[in-house]
file run-v2.txt (compact mmCIF, C-alpha atoms)
# COMPACT_ATOMS: atom_id res chain seq x y z
CA MET A 17 0.00 0.00 0.00
CA GLU A 18 1.08 3.59 -0.52
CA ALA A 19 2.16 5.49 2.57
CA ILE A 20 4.36 8.30 3.88
CA VAL A 21 7.39 7.16 5.87
CA PHE A 22 10.43 8.58 7.58
CA GLU A 23 13.66 6.59 7.93
CA GLU A 24 15.52 9.08 10.11
CA PHE A 25 14.58 11.78 12.59
CA GLY A 26 14.63 15.35 11.38
CA GLY A 27 12.62 18.12 9.76
CA PRO A 28 9.64 17.75 7.44
CA GLU A 29 12.01 16.94 4.58
CA VAL A 30 12.66 13.44 5.98
CA LEU A 31 9.11 12.44 5.00
CA ARG A 32 8.80 10.57 1.70
CA ALA A 33 6.30 8.49 -0.22
CA ALA A 34 6.88 4.74 -0.21
CA THR A 35 5.20 1.40 -0.82
CA VAL A 36 4.91 -0.52 2.45
CA PRO A 37 3.39 -3.90 3.40
CA GLU A 38 -0.41 -3.77 3.62
CA VAL A 39 -1.82 -3.86 7.16
CA HIS A 40 -4.69 -6.14 8.21
CA ALA A 41 -7.09 -6.16 11.14
CA GLY A 42 -5.99 -8.31 14.05
CA PRO A 43 -8.04 -9.35 17.10
CA GLY A 44 -9.97 -6.39 18.47
CA GLN A 45 -9.17 -4.22 15.46
CA VAL A 46 -10.86 -2.94 12.34
CA ARG A 47 -9.07 -1.98 9.16
CA LEU A 48 -10.01 1.29 7.51
CA LYS A 49 -9.80 2.50 3.96
CA VAL A 50 -8.48 5.89 4.98
CA ALA A 51 -10.55 8.88 3.86
CA ALA A 52 -8.84 11.67 5.83
CA ILE A 53 -5.89 12.07 8.19
CA GLY A 54 -5.53 14.72 10.88
CA VAL A 55 -2.06 16.27 11.13
CA ASN A 56 -1.15 16.99 14.75
CA PRO A 57 1.78 18.94 16.22
CA ILE A 58 2.83 15.75 17.98
CA ASP A 59 3.32 14.12 14.55
CA GLY A 60 6.10 16.59 13.87
CA LYS A 61 7.60 16.17 17.33
CA ILE A 62 7.74 12.39 16.91
CA ARG A 63 9.22 12.82 13.42
CA SER A 64 11.91 15.17 14.76
CA GLY A 65 12.94 12.74 17.51
CA VAL A 66 12.28 15.07 20.45
CA MET A 67 9.50 12.79 21.70
CA GLN A 68 11.52 9.58 21.42
CA GLU A 69 11.59 9.05 25.18
CA ALA A 70 7.83 9.43 25.56
CA PHE A 71 6.91 7.81 22.23
CA PRO A 72 9.65 5.32 21.26
CA THR A 73 9.57 5.01 17.47
CA GLU A 74 11.24 2.30 15.43
CA LEU A 75 12.44 3.38 12.00
CA PRO A 76 11.27 3.34 9.29
CA ALA A 77 7.90 4.56 10.55
CA VAL A 78 4.59 5.69 9.12
CA PRO A 79 3.46 8.79 11.06
CA GLY A 80 0.01 9.82 12.17
CA MET A 81 -2.59 9.05 14.83
CA ASP A 82 -5.89 10.62 13.72
CA VAL A 83 -7.95 8.96 11.05
CA ALA A 84 -11.40 8.84 9.51
CA GLY A 85 -12.39 6.20 7.01
CA VAL A 86 -14.53 3.25 6.00
CA VAL A 87 -14.26 -0.13 7.72
CA ASP A 88 -13.19 -2.78 5.19
CA GLU A 89 -11.99 -5.57 7.54
CA VAL A 90 -13.26 -6.59 10.96
CA GLY A 91 -10.93 -8.50 13.28
CA GLU A 92 -11.77 -11.33 15.66
CA GLY A 93 -13.71 -10.28 18.75
CA VAL A 94 -14.94 -6.96 17.34
CA SER A 95 -18.62 -6.20 17.82
CA GLY A 96 -20.65 -3.18 16.83
CA PHE A 97 -18.84 -2.51 13.56
CA ALA A 98 -19.25 -3.98 10.09
CA VAL A 99 -17.64 -3.59 6.69
CA GLY A 100 -18.85 -0.34 5.15
CA ASP A 101 -19.24 1.59 8.42
CA GLU A 102 -17.89 5.15 8.46
CA VAL A 103 -15.78 5.77 11.57
CA LEU A 104 -13.17 8.03 13.16
CA GLY A 105 -10.63 7.47 15.86
CA TRP A 106 -7.02 6.70 16.77
CA VAL A 107 -4.94 4.25 14.77
CA ASP A 108 -2.74 1.39 15.99
CA SER A 109 -0.68 1.62 12.79
CA GLY A 110 0.50 4.83 11.12
CA ALA A 111 -2.32 6.95 9.71
CA TYR A 112 -0.47 8.44 6.71
CA ALA A 113 -1.39 5.55 4.44
CA GLU A 114 -4.05 4.05 2.20
CA TYR A 115 -5.12 1.66 4.98
CA ALA A 116 -4.82 1.76 8.76
CA VAL A 117 -5.83 -0.55 11.61
CA ALA A 118 -7.48 0.72 14.76
CA SER A 119 -8.99 -0.59 17.98
CA SER A 120 -10.42 2.76 19.16
CA VAL A 121 -13.04 4.09 16.77
CA VAL A 122 -16.54 5.54 16.94
CA PRO A 123 -19.20 5.97 14.24
CA LYS A 124 -18.85 9.10 12.11
CA PRO A 125 -21.99 11.27 12.23
CA ALA A 126 -23.50 11.99 8.85
CA GLY A 127 -23.24 15.71 9.58
CA LEU A 128 -19.45 15.64 9.79
CA SER A 129 -17.26 15.83 6.70
CA TRP A 130 -14.34 13.43 6.46
CA GLU A 131 -11.97 16.35 7.05
CA GLN A 132 -13.80 17.44 10.20
CA ALA A 133 -13.98 13.87 11.47
CA ALA A 134 -10.21 13.44 11.15
CA SER A 135 -9.71 16.73 13.01
CA LEU A 136 -11.25 15.61 16.27
CA PRO A 137 -9.66 12.57 17.98
CA ILE A 138 -6.23 13.71 19.21
CA ALA A 139 -7.14 17.39 19.59
CA GLY A 140 -10.27 16.52 21.54
CA ARG A 141 -8.51 13.97 23.72
CA THR A 142 -5.69 16.40 24.52
CA ALA A 143 -8.00 19.31 25.29
CA GLN A 144 -10.20 17.20 27.57
CA ARG A 145 -7.23 15.62 29.36
CA VAL A 146 -5.64 18.96 30.24
CA LEU A 147 -8.92 20.56 31.30
CA ASP A 148 -9.52 17.59 33.59
CA GLU A 149 -6.01 17.91 35.04
CA LEU A 150 -6.62 21.61 35.73
CA GLU A 151 -9.80 20.69 37.65
CA LEU A 152 -11.70 23.69 36.33
CA LYS A 153 -14.92 24.83 37.95
CA ALA A 154 -17.74 27.08 36.79
CA GLY A 155 -16.99 30.72 37.51
CA GLU A 156 -13.22 30.37 37.21
CA THR A 157 -11.04 32.09 34.61
CA LEU A 158 -8.75 30.12 32.29
CA LEU A 159 -5.97 31.54 30.12
CA ILE A 160 -5.24 29.52 26.98
CA ASN A 161 -2.00 30.38 25.20
CA GLY A 162 -2.50 29.48 21.53
CA ALA A 163 -6.29 29.35 21.56
CA ALA A 164 -6.98 29.42 17.80
CA GLY A 165 -5.35 26.12 16.84
CA SER A 166 -7.18 22.80 16.80
CA VAL A 167 -6.45 21.88 20.45
CA GLY A 168 -6.88 25.44 21.72
CA ALA A 169 -10.19 25.99 19.97
CA LEU A 170 -11.64 22.76 21.34
CA ALA A 171 -10.37 23.63 24.82
CA VAL A 172 -12.08 27.02 24.56
CA GLN A 173 -15.41 25.43 23.69
CA LEU A 174 -15.20 22.69 26.31
CA ALA A 175 -14.21 25.17 29.03
CA VAL A 176 -16.95 27.64 28.09
CA ALA A 177 -19.46 24.79 28.27
CA LEU A 178 -18.32 24.22 31.88
CA GLY A 179 -19.14 27.83 32.75
CA VAL A 180 -15.50 28.93 32.73
CA THR A 181 -14.44 32.40 31.53
CA VAL A 182 -11.77 31.93 28.86
CA VAL A 183 -9.09 34.39 27.81
CA GLY A 184 -7.29 33.19 24.70
CA THR A 185 -4.10 34.40 23.07
CA ALA A 186 -3.90 34.51 19.29
CA SER A 187 -2.79 36.69 16.41
CA GLU A 188 -5.08 39.59 15.50
CA PRO A 189 -6.70 37.85 12.48
CA ASN A 190 -7.96 35.06 14.80
CA HIS A 191 -9.60 37.32 17.39
CA ALA A 192 -13.04 37.32 15.74
CA TYR A 193 -12.94 33.52 15.58
CA LEU A 194 -12.18 33.26 19.31
CA ARG A 195 -15.05 35.62 20.12
CA GLU A 196 -17.36 33.34 18.13
CA LEU A 197 -16.23 30.43 20.31
CA GLY A 198 -16.94 32.37 23.49
CA ALA A 199 -13.43 33.48 24.50
CA THR A 200 -12.02 36.94 25.12
CA PRO A 201 -9.05 37.27 22.73
CA VAL A 202 -5.75 38.98 23.51
CA LEU A 203 -2.64 39.37 21.39
CA TYR A 204 0.26 37.12 22.36
CA GLY A 205 3.83 38.37 22.79
CA GLU A 206 5.44 41.23 24.70
CA GLY A 207 3.03 42.99 27.03
CA LEU A 208 0.85 39.90 27.48
CA VAL A 209 0.60 40.26 31.27
CA GLN A 210 -0.83 43.77 31.03
CA ARG A 211 -3.26 42.85 28.26
CA VAL A 212 -4.61 39.87 30.17
CA ARG A 213 -4.99 41.89 33.36
CA GLU A 214 -6.99 44.50 31.45
CA VAL A 215 -9.61 41.93 30.41
CA ALA A 216 -9.36 39.74 33.53
CA PRO A 217 -8.70 42.11 36.46
CA GLN A 218 -9.84 39.36 38.83
CA GLY A 219 -6.83 37.28 37.74
CA VAL A 220 -6.64 33.84 36.17
CA ASP A 221 -7.25 30.61 38.04
CA ALA A 222 -5.49 28.31 35.59
CA VAL A 223 -3.34 28.37 32.45
CA PHE A 224 -3.30 25.94 29.52
CA ASP A 225 -0.26 26.61 27.34
CA VAL A 226 -0.86 25.06 23.94
CA ALA A 227 1.51 27.20 21.91
CA GLY A 228 4.84 26.62 23.63
CA GLN A 229 6.12 29.96 22.40
CA GLY A 230 7.85 31.19 25.56
CA ALA A 231 4.68 32.26 27.38
CA LEU A 232 5.34 30.36 30.60
CA PRO A 233 7.06 33.19 32.52
CA ASP A 234 4.10 35.49 31.81
CA SER A 235 1.69 32.69 32.67
CA ILE A 236 3.37 32.17 36.05
CA GLU A 237 3.26 35.91 36.74
CA LEU A 238 -0.45 35.97 35.91
CA ARG A 239 -0.95 33.12 38.39
CA GLY A 240 0.59 35.28 41.10
CA GLY A 241 4.05 33.77 40.87
CA THR A 242 2.97 30.17 41.37
CA THR A 243 3.17 27.28 38.92
CA ASP A 244 0.11 25.67 40.49
CA ARG A 245 -2.53 24.94 37.82
CA VAL A 246 -0.23 25.92 34.96
CA LEU A 247 0.14 23.17 32.36
CA THR A 248 1.81 23.09 28.95
CA ILE A 249 1.73 20.70 26.01
CA GLY A 250 4.04 22.79 23.84
CA ASP A 251 7.00 24.07 25.86
CA PHE A 252 9.77 21.50 26.31
CA ASN A 253 11.51 23.89 28.73
CA ALA A 254 8.63 23.49 31.16
CA ALA A 255 10.75 21.84 33.86
CA ALA A 256 13.13 24.81 33.90
CA HIS A 257 10.17 26.96 34.94
CA GLY A 258 8.83 24.41 37.42
CA VAL A 259 5.81 23.82 35.19
CA THR A 260 4.30 20.41 34.46
CA PHE A 261 4.47 19.20 30.86
CA SER A 262 1.20 17.38 30.25
CA GLY A 263 1.72 14.57 27.81
CA GLY A 264 0.61 11.02 27.37
CA ARG A 265 -1.15 10.34 30.66
CA VAL A 266 -2.83 6.96 30.34
CA TYR A 267 -6.58 7.15 30.81
CA ASP A 268 -9.77 6.00 29.12
CA ALA A 269 -10.34 8.63 26.44
CA MET A 270 -13.18 6.84 24.65
CA PRO A 271 -16.05 8.39 26.65
CA ALA A 272 -14.78 11.86 25.72
CA LEU A 273 -14.44 10.90 22.05
CA VAL A 274 -17.98 9.51 21.99
CA GLU A 275 -19.41 12.66 23.57
CA GLN A 276 -17.34 15.09 21.51
CA THR A 277 -18.25 13.26 18.31
CA ARG A 278 -21.94 13.54 19.21
CA LEU A 279 -21.60 17.27 19.91
CA ALA A 280 -19.67 17.85 16.70
CA GLY A 281 -22.25 15.93 14.69
CA GLU A 282 -24.99 18.11 16.17
CA GLY A 283 -23.03 21.28 15.32
CA VAL A 284 -22.55 22.20 18.98
CA LEU A 285 -18.79 21.60 18.92
CA HIS A 286 -17.17 23.44 16.02
CA LEU A 287 -14.24 21.86 14.16
CA ARG A 288 -12.25 24.22 11.98
CA VAL A 289 -10.18 22.81 9.12
CA ALA A 290 -7.32 25.12 8.19
CA GLU A 291 -6.05 23.39 5.06
CA VAL A 292 -6.62 20.18 3.13
CA LEU A 293 -3.71 18.69 1.18
CA PRO A 294 -3.13 15.45 -0.73
CA LEU A 295 -1.10 12.82 1.15
CA SER A 296 1.71 13.36 -1.35
CA ARG A 297 2.19 16.83 0.17
CA ALA A 298 2.85 15.59 3.69
CA VAL A 299 6.07 17.64 3.82
CA LYS A 300 4.09 20.85 3.27
CA ALA A 301 1.50 19.78 5.83
CA HIS A 302 4.23 19.32 8.45
CA GLU A 303 5.80 22.65 7.57
CA ILE A 304 2.46 24.34 8.25
CA SER A 305 1.85 22.36 11.44
CA ASP A 306 5.37 22.88 12.77
CA GLY A 307 4.98 26.64 12.23
CA GLY A 308 2.30 26.71 14.92
CA HIS A 309 0.07 29.29 13.23
CA ALA A 310 -2.50 27.12 11.45
CA ARG A 311 -6.07 28.38 11.99
CA GLY A 312 -7.47 24.97 12.83
CA LYS A 313 -6.46 21.52 11.66
CA VAL A 314 -4.32 20.58 8.69
CA VAL A 315 -5.77 17.48 7.01
CA LEU A 316 -4.30 15.05 4.49
CA ILE A 317 -6.35 13.12 1.93
CA PRO A 318 -4.96 9.86 0.42

call {"tool": "encode", "arguments": {"input": "run-v2.txt", "output": "structure tokens"}}
result
Amino acid sequence: MEAIVFEEFGGPEVLRAATVPEVHAGPGQVRLKVAAIGVNPIDGKIRSGVMQEAFPTELPAVPGMDVAGVVDEVGEGVSGFAVGDEVLGWVDSGAYAEYAVASSVVPKPAGLSWEQAASLPIAGRTAQRVLDELELKAGETLLINGAAGSVGALAVQLAVALGVTVVGTASEPNHAYLRELGATPVLYGEGLVQRVREVAPQGVDAVFDVAGQGALPDSIELRGGTTDRVLTIGDFNAAAHGVTFSGGRVYDAMPALVEQTRLAGEGVLHLRVAEVLPLSRAVKAHEISDGGHARGKVVLIP
């Protein structure tokens, strides 16, 4: 089958098209004819090698975790799915391929496009995990650094639904989008502390740093000098600031995926697709994703 592989760690340029052995559904798995693939920032971090300790990767490897597609094989012990079903979820094999196998999928609502469906799994799981770790309560104020990307935008919506006041950092062109989602936007960069205090004079109760663009010192200052309830998924210098890097905690993410998929299918949870590219342009997709300024999810189509 046709796939994208990398045989060494490095920048987007290490990705290349290749023919690899076809995968098949094993016990507890379904095989999908891939319709769309969500490109996540973690894909680039695994490709670069910086996540090797957390996500050991044997080379050559097919990247990708998010997938939406049509079931075309059902493994032993699988119930509830049949050949022809449209699903979305997380793969057990690499997602950047014609076919992928998965043991964690849910039905795709008819109201979701393939591109939207592939945008949800990892971003939704990450957003929900961090919000749970922050133990947010109605009436509190949350600062999200990097609120306009796929994870940030979902975190905004999930937090607002909890009754949390959200302040989100983003570039000026994304401010209207954040207002639509229910957040108060502020410009990131120098002067952030003052700008946040102007819109949240009561202070912030928690910080979710998605962007990893050096915002942790300001985040700590906005929390009154404490690192309590400050979490990052993007800043690998977190430990130097005494901040917890939230990544890869093992927990049952399926209930959240089921609920988020339902809400997205009903149009309550909005999924923004920034760009759709053919699988052959995986290098370009990673360049966009690595840049950290995509307005939503970058999606690949086989």

call {"tool": "residues_around", "arguments": {"input": "run-v2.txt", "residues": "segment 86-103 of chain A", "least_positions_apart": "3", "cutoff": "7 Å", "atoms": "all atoms listed in the file", "output": "list in words"}}
result
Ala41, Gly42, Pro43, Gly44, Gln45, Val46, Arg47, Leu48, Lys49, Val50, Val121, Val122, Pro123 and Lys124 of chain A

call {"tool": "write_last_selection", "arguments": {"input": "run-v2.txt", "atoms": "C-alpha atoms", "output": "PDB file, in the frame of the given file"}}
result
ATOM      1  CA  ALA A  41      -7.090  -6.160  11.140  1.00  0.00           C
ATOM      2  CA  GLY A  42      -5.990  -8.310  14.050  1.00  0.00           C
ATOM      3  CA  PRO A  43      -8.040  -9.350  17.100  1.00  0.00           C
ATOM      4  CA  GLY A  44      -9.970  -6.390  18.470  1.00  0.00           C
ATOM      5  CA  GLN A  45      -9.170  -4.220  15.460  1.00  0.00           C
ATOM      6  CA  VAL A  46     -10.860  -2.940  12.340  1.00  0.00           C
ATOM      7  CA  ARG A  47      -9.070  -1.980   9.160  1.00  0.00           C
ATOM      8  CA  LEU A  48     -10.010   1.290   7.510  1.00  0.00           C
ATOM      9  CA  LYS A  49      -9.800   2.500   3.960  1.00  0.00           C
ATOM     10  CA  VAL A  50      -8.480   5.890   4.980  1.00  0.00           C
ATOM     11  CA  VAL A 121     -13.040   4.090  16.770  1.00  0.00           C
ATOM     12  CA  VAL A 122     -16.540   5.540  16.940  1.00  0.00           C
ATOM     13  CA  PRO A 123     -19.200   5.970  14.240  1.00  0.00           C
ATOM     14  CA  LYS A 124     -18.850   9.100  12.110  1.00  0.00           C
TER      15      LYS A 124
END

call {"tool": "residues_around", "arguments": {"input": "run-v2.txt", "residues": "segment 146-158 of chain A", "least_positions_apart": "5", "cutoff": "12 Å", "atoms": "all atoms listed in the file", "output": "CSV table (one decimal) with C-alpha atoms, in the frame of the given file"}}
result
chain,number,residue,atom,x,y,z
A,139,ALA,CA,-7.1,17.4,19.6
A,140,GLY,CA,-10.3,16.5,21.5
A,141,ARG,CA,-8.5,14.0,23.7
A,163,ALA,CA,-6.3,29.4,21.6
A,167,VAL,CA,-6.4,21.9,20.4
A,168,GLY,CA,-6.9,25.4,21.7
A,170,LEU,CA,-11.6,22.8,21.3
A,171,ALA,CA,-10.4,23.6,24.8
A,172,VAL,CA,-12.1,27.0,24.6
A,173,GLN,CA,-15.4,25.4,23.7
A,174,LEU,CA,-15.2,22.7,26.3
A,175,ALA,CA,-14.2,25.2,29.0
A,176,VAL,CA,-17.0,27.6,28.1
A,177,ALA,CA,-19.5,24.8,28.3
A,178,LEU,CA,-18.3,24.2,31.9
A,179,GLY,CA,-19.1,27.8,32.8
A,180,VAL,CA,-15.5,28.9,32.7
A,181,THR,CA,-14.4,32.4,31.5
A,182,VAL,CA,-11.8,31.9,28.9
A,183,VAL,CA,-9.1,34.4,27.8
A,184,GLY,CA,-7.3,33.2,24.7
A,185,THR,CA,-4.1,34.4,23.1
A,199,ALA,CA,-13.4,33.5,24.5
A,200,THR,CA,-12.0,36.9,25.1
A,201,PRO,CA,-9.0,37.3,22.7
A,212,VAL,CA,-4.6,39.9,30.2
A,213,ARG,CA,-5.0,41.9,33.4
A,215,VAL,CA,-9.6,41.9,30.4
A,216,ALA,CA,-9.4,39.7,33.5
A,217,PRO,CA,-8.7,42.1,36.5
A,218,GLN,CA,-9.8,39.4,38.8
A,219,GLY,CA,-6.8,37.3,37.7
A,220,VAL,CA,-6.6,33.8,36.2
A,221,ASP,CA,-7.2,30.6,38.0
A,222,ALA,CA,-5.5,28.3,35.6
A,223,VAL,CA,-3.3,28.4,32.4
A,224,PHE,CA,-3.3,25.9,29.5
A,225,ASP,CA,-0.3,26.6,27.3
A,226,VAL,CA,-0.9,25.1,23.9
A,235,SER,CA,1.7,32.7,32.7
A,238,LEU,CA,-0.4,36.0,35.9
A,239,ARG,CA,-1.0,33.1,38.4
A,243,THR,CA,3.2,27.3,38.9
A,244,ASP,CA,0.1,25.7,40.5
A,245,ARG,CA,-2.5,24.9,37.8
A,246,VAL,CA,-0.2,25.9,35.0
A,247,LEU,CA,0.1,23.2,32.4
A,248,THR,CA,1.8,23.1,29.0
A,249,ILE,CA,1.7,20.7,26.0
A,260,THR,CA,4.3,20.4,34.5
A,261,PHE,CA,4.5,19.2,30.9
A,262,SER,CA,1.2,17.4,30.2
A,263,GLY,CA,1.7,14.6,27.8
A,264,GLY,CA,0.6,11.0,27.4
A,265,ARG,CA,-1.2,10.3,30.7
A,267,TYR,CA,-6.6,7.2,30.8
A,269,ALA,CA,-10.3,8.6,26.4
A,272,ALA,CA,-14.8,11.9,25.7

call {"tool": "axis_aligned_box", "arguments": {"input": "run-v2.txt", "around": "segment 171-183 of chain A", "padding_each_side": "5 Å", "output": "AutoDock Vina command-line options"}}
result
--center_x -14.3 --center_y 28.5 --center_z 28.2 --size_x 20.4 --size_y 21.7 --size_z 19.1

call {"tool": "residues_around", "arguments": {"input": "run-v2.txt", "residues": "Gly312 of chain A", "least_positions_apart": "4", "cutoff": "12 Å", "atoms": "only C-alpha atoms", "output": "PDB file with C-alpha atoms, in the frame of the given file"}}
result
ATOM      1  CA  GLY A  54      -5.530  14.720  10.880  1.00  0.00           C
ATOM      2  CA  VAL A  55      -2.060  16.270  11.130  1.00  0.00           C
ATOM      3  CA  ASN A  56      -1.150  16.990  14.750  1.00  0.00           C
ATOM      4  CA  PRO A  57       1.780  18.940  16.220  1.00  0.00           C
ATOM      5  CA  GLU A 131     -11.970  16.350   7.050  1.00  0.00           C
ATOM      6  CA  GLN A 132     -13.800  17.440  10.200  1.00  0.00           C
ATOM      7  CA  ALA A 134     -10.210  13.440  11.150  1.00  0.00           C
ATOM      8  CA  SER A 135      -9.710  16.730  13.010  1.00  0.00           C
ATOM      9  CA  LEU A 136     -11.250  15.610  16.270  1.00  0.00           C
ATOM     10  CA  ALA A 139      -7.140  17.390  19.590  1.00  0.00           C
ATOM     11  CA  GLY A 162      -2.500  29.480  21.530  1.00  0.00           C
ATOM     12  CA  ALA A 163      -6.290  29.350  21.560  1.00  0.00           C
ATOM     13  CA  ALA A 164      -6.980  29.420  17.800  1.00  0.00           C
ATOM     14  CA  GLY A 165      -5.350  26.120  16.840  1.00  0.00           C
ATOM     15  CA  SER A 166      -7.180  22.800  16.800  1.00  0.00           C
ATOM     16  CA  VAL A 167      -6.450  21.880  20.450  1.00  0.00           C
ATOM     17  CA  GLY A 168      -6.880  25.440  21.720  1.00  0.00           C
ATOM     18  CA  ALA A 169     -10.190  25.990  19.970  1.00  0.00           C
ATOM     19  CA  LEU A 170     -11.640  22.760  21.340  1.00  0.00           C
ATOM     20  CA  ASN A 190      -7.960  35.060  14.800  1.00  0.00           C
ATOM     21  CA  TYR A 193     -12.940  33.520  15.580  1.00  0.00           C
ATOM     22  CA  LEU A 194     -12.180  33.260  19.310  1.00  0.00           C
ATOM     23  CA  HIS A 286     -17.170  23.440  16.020  1.00  0.00           C
ATOM     24  CA  LEU A 287     -14.240  21.860  14.160  1.00  0.00           C
ATOM     25  CA  ARG A 288     -12.250  24.220  11.980  1.00  0.00           C
ATOM     26  CA  VAL A 289     -10.180  22.810   9.120  1.00  0.00           C
ATOM     27  CA  ALA A 290      -7.320  25.120   8.190  1.00  0.00           C
ATOM     28  CA  GLU A 291      -6.050  23.390   5.060  1.00  0.00           C
ATOM     29  CA  VAL A 292      -6.620  20.180   3.130  1.00  0.00           C
ATOM     30  CA  ILE A 304       2.460  24.340   8.250  1.00  0.00           C
ATOM     31  CA  SER A 305       1.850  22.360  11.440  1.00  0.00           C
ATOM     32  CA  GLY A 308       2.300  26.710  14.920  1.00  0.00           C
TER      33      GLY A 308
END

call {"tool": "atom_distance", "arguments": {"input": "run-v2.txt", "atom1": "atom CA of Ser129 of chain A", "atom2": "atom CA of Ser296 of chain A"}}
result
20.8 Å

call {"tool": "atom_distance", "arguments": {"input": "run-v2.txt", "atom1": "atom CA of His302 of chain A", "atom2": "atom CA of Val21 of chain A"}}
result
12.8 Å

call {"tool": "closest_residue", "arguments": {"input": "run-v2.txt", "among": "A:Ala126, A:Ala133, A:Ile236, A:Leu197", "to": "Val284 of chain A", "atoms": "all atoms listed in the file"}}
result
A:Leu197

call {"tool": "residues_around", "arguments": {"input": "run-v2.txt", "residues": "Ala231 of chain A", "least_positions_apart": "5", "cutoff": "9 Å", "atoms": "only C-alpha atoms", "output": "PyMOL selection string"}}
result
chain A and resi 161+204-205+208+225+236+251

call {"tool": "atom_distance", "arguments": {"input": "run-v2.txt", "atom1": "atom CA of Pro125 of chain A", "atom2": "atom CA of Leu279 of chain A"}}
result
9.8 Å

call {"tool": "residues_around", "arguments": {"input": "run-v2.txt", "residues": "Gly27 of chain A", "least_positions_apart": "6", "cutoff": "10 Å", "atoms": "all atoms listed in the file", "output": "list in words"}}
result
Gly60, Lys61, Arg63, Ser64, Gly65, Val299, His302, Glu303 and Asp306 of chain A

call {"tool": "build_atoms", "arguments": {"input": "run-v2.txt", "residues": "segment 250-255 of chain A", "atoms": "all heavy atoms", "output": "compact mmCIF listing (two decimals), in the coordinates of the input"}}
result
# COMPACT_ATOMS: atom_id res chain seq x y z
N GLY A 250 3.22 22.32 24.95
CA GLY A 250 4.04 22.79 23.84
C GLY A 250 5.43 23.27 24.19
O GLY A 250 6.25 23.44 23.30
N ASP A 251 5.71 23.50 25.47
CA ASP A 251 7.00 24.07 25.86
C ASP A 251 7.86 23.00 26.52
O ASP A 251 7.61 22.58 27.65
CB ASP A 251 6.79 25.24 26.82
CG ASP A 251 8.03 26.09 26.98
OD1 ASP A 251 9.15 25.54 26.85
OD2 ASP A 251 7.90 27.30 27.25
N PHE A 252 8.90 22.56 25.80
CA PHE A 252 9.77 21.50 26.31
C PHE A 252 10.73 22.01 27.38
O PHE A 252 11.47 21.23 27.97
CB PHE A 252 10.53 20.84 25.17
CG PHE A 252 9.66 20.00 24.29
CD1 PHE A 252 9.20 20.48 23.08
CD2 PHE A 252 9.25 18.73 24.68
CE1 PHE A 252 8.37 19.73 22.27
CE2 PHE A 252 8.42 17.96 23.89
CZ PHE A 252 7.98 18.46 22.68
N ASN A 253 10.72 23.33 27.64
CA ASN A 253 11.51 23.89 28.73
C ASN A 253 10.67 24.04 29.99
O ASN A 253 11.04 24.76 30.90
CB ASN A 253 12.08 25.25 28.32
CG ASN A 253 13.12 25.13 27.23
OD1 ASN A 253 13.98 24.24 27.27
ND2 ASN A 253 13.05 26.00 26.23
N ALA A 254 9.56 23.35 30.04
CA ALA A 254 8.63 23.49 31.16
C ALA A 254 9.31 23.25 32.50
O ALA A 254 9.11 24.00 33.46
CB ALA A 254 7.45 22.54 30.99
N ALA A 255 10.13 22.20 32.59
CA ALA A 255 10.75 21.84 33.86
C ALA A 255 11.64 22.96 34.39
O ALA A 255 11.73 23.16 35.61
CB ALA A 255 11.57 20.56 33.71
